Amino acid sequence: MTNKEKYKQAFSALQPSHPICLEETTMKNTKTRIVLRPVAAVICVILLFGCARVAYAADVGGIRRTIQIWIHGDQTNAVMDIQNGHYTVSYEDAGGNTHEFGGGGVAFNPDGSERSLTEEEIMEHLSQPEVEYRDDGTVWIYYMEQAMEITDQFNEDSVCFLQLKDGDKTLYVTVKYGNGYATSPNAFVQPWEFNTNAG
């Protein structure tokens, strides 16, 4: 006798106590329906707002960061918004006044195609020196924590050459009075090499 036959013999003697009915019965539970409708409505509202928020974020795009930058020789907390290579920086001065400035542009890939500036490139641009021409006729340059008047350092050609230090780094700055400035980590940029407007 095989195992299969032994199982048949053992279970054939068992009989159910009640007759087995294989009819399908439908159960109605009204309480479940009453509870599920408001829950479903709440879930729909949450999904609707969630989708709208995602769509808004996708539409706005860009990057928003809280940063610290040097403004007029003071380290300042600011908010920077970057979108498609353009940036806007807003900050509050010591008097509580809000200021905003921006810029941006494109960079070129090795194959000559244009691309938006990266966040790192924008931050590098924001760490460049700033030249200010004040109403009193003085000229100031700001770099990191440094604020320096350079009014008397222009030569007879209205050009000023400066070496600015930041730790071990030296930045060579050439300022043409009223006609821009150029920087290099290696050597002074000559005045005829940039911004050829009369000035």
# chains A, B, ... in the order shown; residues from 1 in each chain; ligands from 1
>>> closest_atom_pairs(of="range 96-186 of chain A", to="range 60-80 of chain A", cutoff="6 Å", atoms="only C-alpha atoms", output="tab-separated table")
residue	atom	partner	partner_atom	distance
A:Tyr142	CA	A:His72	CA	5.5
A:Met144	CA	A:Trp70	CA	5.3
A:Glu145	CA	A:Gly73	CA	4.2
A:Gln146	CA	A:Gly73	CA	5.1
A:Ala147	CA	A:Gly73	CA	5.2
>>> residues_around(residues="Pro185 in chain A", least_positions_apart="2", cutoff="9 Å", atoms="only C-alpha atoms", output="count of residues only")
8
>>> atom_distance(atom1="CA of Gly103 in chain A", atom2="CA of Gln163 in chain A")
25.6 Å
>>> select_by_dssp(residues="range 57-114 of chain A", states="strand (DSSP E)", output="PyMOL selection string")
chain A and resi 63-71+74-83+86-92+98-104+106-108+114
>>> write_last_selection(atoms="N, CA and C atoms", output="tab-separated table (two decimals), in the first residue's frame")
chain	number	residue	atom	x	y	z
A	63	ILE	N	16.74	76.50	-8.27
A	63	ILE	CA	17.33	76.15	-6.98
A	63	ILE	C	17.22	77.37	-6.08
A	64	ARG	N	16.87	77.16	-4.84
A	64	ARG	CA	16.83	78.26	-3.86
A	64	ARG	C	17.70	77.85	-2.69
A	65	ARG	N	18.68	78.68	-2.37
A	65	ARG	CA	19.62	78.37	-1.31
A	65	ARG	C	19.81	79.58	-0.40
A	66	THR	N	20.05	79.28	0.88
A	66	THR	CA	20.51	80.31	1.80
A	66	THR	C	22.03	80.23	1.79
A	67	ILE	N	22.68	81.35	1.51
A	67	ILE	CA	24.13	81.37	1.36
A	67	ILE	C	24.72	82.47	2.23
A	68	GLN	N	26.03	82.43	2.39
A	68	GLN	CA	26.76	83.52	3.02
A	68	GLN	C	27.72	84.07	1.97
A	69	ILE	N	27.61	85.37	1.72
A	69	ILE	CA	28.49	86.02	0.76
A	69	ILE	C	29.08	87.27	1.40
A	70	TRP	N	30.17	87.74	0.80
A	70	TRP	CA	30.81	88.96	1.27
A	70	TRP	C	30.22	90.14	0.52
A	71	ILE	N	29.64	91.08	1.26
A	71	ILE	CA	29.10	92.30	0.67
A	71	ILE	C	29.73	93.47	1.37
A	74	ASP	N	31.70	92.65	4.50
A	74	ASP	CA	30.99	91.99	5.60
A	74	ASP	C	30.38	90.69	5.11
A	75	GLN	N	30.54	89.62	5.90
A	75	GLN	CA	29.90	88.36	5.54
A	75	GLN	C	28.42	88.47	5.86
A	76	THR	N	27.59	88.19	4.88
A	76	THR	CA	26.16	88.45	4.97
A	76	THR	C	25.37	87.22	4.59
A	77	ASN	N	24.29	86.97	5.32
A	77	ASN	CA	23.36	85.90	4.95
A	77	ASN	C	22.47	86.41	3.82
A	78	ALA	N	22.28	85.58	2.81
A	78	ALA	CA	21.46	85.97	1.66
A	78	ALA	C	20.71	84.75	1.15
A	79	VAL	N	19.71	85.02	0.33
A	79	VAL	CA	18.96	83.96	-0.33
A	79	VAL	C	19.23	84.08	-1.82
A	80	MET	N	19.67	82.97	-2.42
A	80	MET	CA	19.98	82.96	-3.85
A	80	MET	C	19.01	82.04	-4.57
A	81	ASP	N	18.37	82.57	-5.61
A	81	ASP	CA	17.51	81.79	-6.49
A	81	ASP	C	18.23	81.62	-7.82
A	82	ILE	N	18.35	80.37	-8.28
A	82	ILE	CA	19.00	80.08	-9.57
A	82	ILE	C	17.96	79.44	-10.47
A	83	GLN	N	17.84	79.99	-11.68
A	83	GLN	CA	16.92	79.42	-12.65
A	83	GLN	C	17.51	79.61	-14.03
A	86	HIS	N	20.59	81.82	-14.53
A	86	HIS	CA	20.49	83.19	-14.03
A	86	HIS	C	20.22	83.12	-12.53
A	87	TYR	N	20.72	84.11	-11.81
A	87	TYR	CA	20.54	84.10	-10.36
A	87	TYR	C	20.04	85.45	-9.88
A	88	THR	N	19.36	85.39	-8.73
A	88	THR	CA	18.93	86.58	-8.01
A	88	THR	C	19.33	86.38	-6.56
A	89	VAL	N	20.00	87.37	-5.98
A	89	VAL	CA	20.42	87.31	-4.58
A	89	VAL	C	19.72	88.44	-3.84
A	90	SER	N	19.08	88.11	-2.72
A	90	SER	CA	18.46	89.14	-1.89
A	90	SER	C	19.00	89.01	-0.47
A	91	TYR	N	19.22	90.17	0.16
A	91	TYR	CA	19.76	90.18	1.52
A	91	TYR	C	19.29	91.43	2.23
A	92	GLU	N	19.40	91.40	3.55
A	92	GLU	CA	19.05	92.55	4.39
A	92	GLU	C	20.31	93.18	4.92
A	98	THR	N	16.02	95.70	2.55
A	98	THR	CA	16.25	94.56	1.66
A	98	THR	C	16.85	95.04	0.35
A	99	HIS	N	17.88	94.34	-0.09
A	99	HIS	CA	18.55	94.64	-1.35
A	99	HIS	C	18.51	93.40	-2.23
A	100	GLU	N	18.51	93.62	-3.54
A	100	GLU	CA	18.49	92.51	-4.47
A	100	GLU	C	19.36	92.83	-5.67
A	101	PHE	N	20.10	91.84	-6.12
A	101	PHE	CA	20.86	91.97	-7.37
A	101	PHE	C	20.89	90.61	-8.04
A	102	GLY	N	21.29	90.61	-9.28
A	102	GLY	CA	21.30	89.35	-10.01
A	102	GLY	C	22.20	89.40	-11.21
A	103	GLY	N	22.22	88.31	-11.91
A	103	GLY	CA	23.06	88.19	-13.10
A	103	GLY	C	22.96	86.79	-13.64
A	104	GLY	N	23.95	86.43	-14.40
A	104	GLY	CA	23.97	85.09	-14.95
A	104	GLY	C	24.47	85.09	-16.36
A	106	VAL	N	25.73	82.26	-19.75
A	106	VAL	CA	25.99	80.91	-20.24
A	106	VAL	C	27.48	80.65	-20.26
A	107	ALA	N	27.81	79.38	-20.32
A	107	ALA	CA	29.19	78.93	-20.50
A	107	ALA	C	29.21	78.08	-21.76
A	108	PHE	N	30.39	77.81	-22.27
A	108	PHE	CA	30.50	77.04	-23.50
A	108	PHE	C	31.15	75.70	-23.21
A	114	GLU	N	26.33	75.95	-26.06
A	114	GLU	CA	26.08	76.74	-24.85
A	114	GLU	C	25.39	75.89	-23.80
>>> closest_residue(among="A:Asp111, A:Glu193, A:Glu121, A:Asp157", to="Tyr177 in chain A", atoms="only C-alpha atoms")
A:Asp157
>>> residues_around(residues="Gly137 in chain A", least_positions_apart="5", cutoff="12 Å", atoms="only C-alpha atoms", output="list of chain:residue names")
A:Glu132, A:Glu149, A:Ile150, A:Thr151, A:Asp152, A:Tyr177, A:Gly178
>>> atom_distance(atom1="CA of Phe154 in chain A", atom2="CA of Asn195 in chain A")
17.0 Å
>>> decode(residues="range 178-189 of chain A", atoms="N, CA, C and O atoms", output="PDB file, in the first residue's frame")
ATOM      1  N   GLY A 178      36.288 103.578 -14.279  1.00  0.00           N
ATOM      2  CA  GLY A 178      35.000 103.723 -14.950  1.00  0.00           C
ATOM      3  C   GLY A 178      34.805 102.783 -16.134  1.00  0.00           C
ATOM      4  O   GLY A 178      33.844 102.949 -16.886  1.00  0.00           O
ATOM      5  N   ASN A 179      35.689 101.829 -16.317  1.00  0.00           N
ATOM      6  CA  ASN A 179      35.605 100.990 -17.515  1.00  0.00           C
ATOM      7  C   ASN A 179      35.876  99.515 -17.199  1.00  0.00           C
ATOM      8  O   ASN A 179      36.481  98.809 -17.989  1.00  0.00           O
ATOM      9  N   GLY A 180      35.461  99.060 -16.035  1.00  0.00           N
ATOM     10  CA  GLY A 180      35.545  97.651 -15.705  1.00  0.00           C
ATOM     11  C   GLY A 180      36.848  97.229 -15.053  1.00  0.00           C
ATOM     12  O   GLY A 180      37.757  98.046 -14.831  1.00  0.00           O
ATOM     13  N   TYR A 181      36.928  95.951 -14.764  1.00  0.00           N
ATOM     14  CA  TYR A 181      38.126  95.380 -14.161  1.00  0.00           C
ATOM     15  C   TYR A 181      38.248  93.927 -14.574  1.00  0.00           C
ATOM     16  O   TYR A 181      37.289  93.310 -15.035  1.00  0.00           O
ATOM     17  N   ALA A 182      39.459  93.385 -14.436  1.00  0.00           N
ATOM     18  CA  ALA A 182      39.713  91.989 -14.765  1.00  0.00           C
ATOM     19  C   ALA A 182      40.551  91.381 -13.656  1.00  0.00           C
ATOM     20  O   ALA A 182      41.354  92.062 -13.009  1.00  0.00           O
ATOM     21  N   THR A 183      40.362  90.076 -13.425  1.00  0.00           N
ATOM     22  CA  THR A 183      41.111  89.370 -12.385  1.00  0.00           C
ATOM     23  C   THR A 183      41.790  88.145 -12.972  1.00  0.00           C
ATOM     24  O   THR A 183      41.341  87.602 -13.978  1.00  0.00           O
ATOM     25  N   SER A 184      42.873  87.741 -12.318  1.00  0.00           N
ATOM     26  CA  SER A 184      43.569  86.518 -12.703  1.00  0.00           C
ATOM     27  C   SER A 184      44.304  85.974 -11.483  1.00  0.00           C
ATOM     28  O   SER A 184      44.835  86.751 -10.690  1.00  0.00           O
ATOM     29  N   PRO A 185      44.375  84.639 -11.333  1.00  0.00           N
ATOM     30  CA  PRO A 185      45.145  84.080 -10.226  1.00  0.00           C
ATOM     31  C   PRO A 185      46.644  84.004 -10.534  1.00  0.00           C
ATOM     32  O   PRO A 185      47.430  83.685  -9.655  1.00  0.00           O
ATOM     33  N   ASN A 186      47.034  84.327 -11.780  1.00  0.00           N
ATOM     34  CA  ASN A 186      48.425  84.139 -12.203  1.00  0.00           C
ATOM     35  C   ASN A 186      49.213  85.429 -12.386  1.00  0.00           C
ATOM     36  O   ASN A 186      50.358  85.511 -11.956  1.00  0.00           O
ATOM     37  N   ALA A 187      48.637  86.425 -13.052  1.00  0.00           N
ATOM     38  CA  ALA A 187      49.358  87.670 -13.361  1.00  0.00           C
ATOM     39  C   ALA A 187      48.335  88.753 -13.696  1.00  0.00           C
ATOM     40  O   ALA A 187      47.150  88.461 -13.901  1.00  0.00           O
ATOM     41  N   PHE A 188      48.794  89.988 -13.763  1.00  0.00           N
ATOM     42  CA  PHE A 188      47.903  91.095 -14.100  1.00  0.00           C
ATOM     43  C   PHE A 188      47.434  90.976 -15.546  1.00  0.00           C
ATOM     44  O   PHE A 188      48.231  90.723 -16.453  1.00  0.00           O
ATOM     45  N   VAL A 189      46.144  91.191 -15.759  1.00  0.00           N
ATOM     46  CA  VAL A 189      45.597  91.281 -17.106  1.00  0.00           C
ATOM     47  C   VAL A 189      45.882  92.697 -17.582  1.00  0.00           C
ATOM     48  O   VAL A 189      45.641  93.666 -16.855  1.00  0.00           O
TER      49      VAL A 189
END
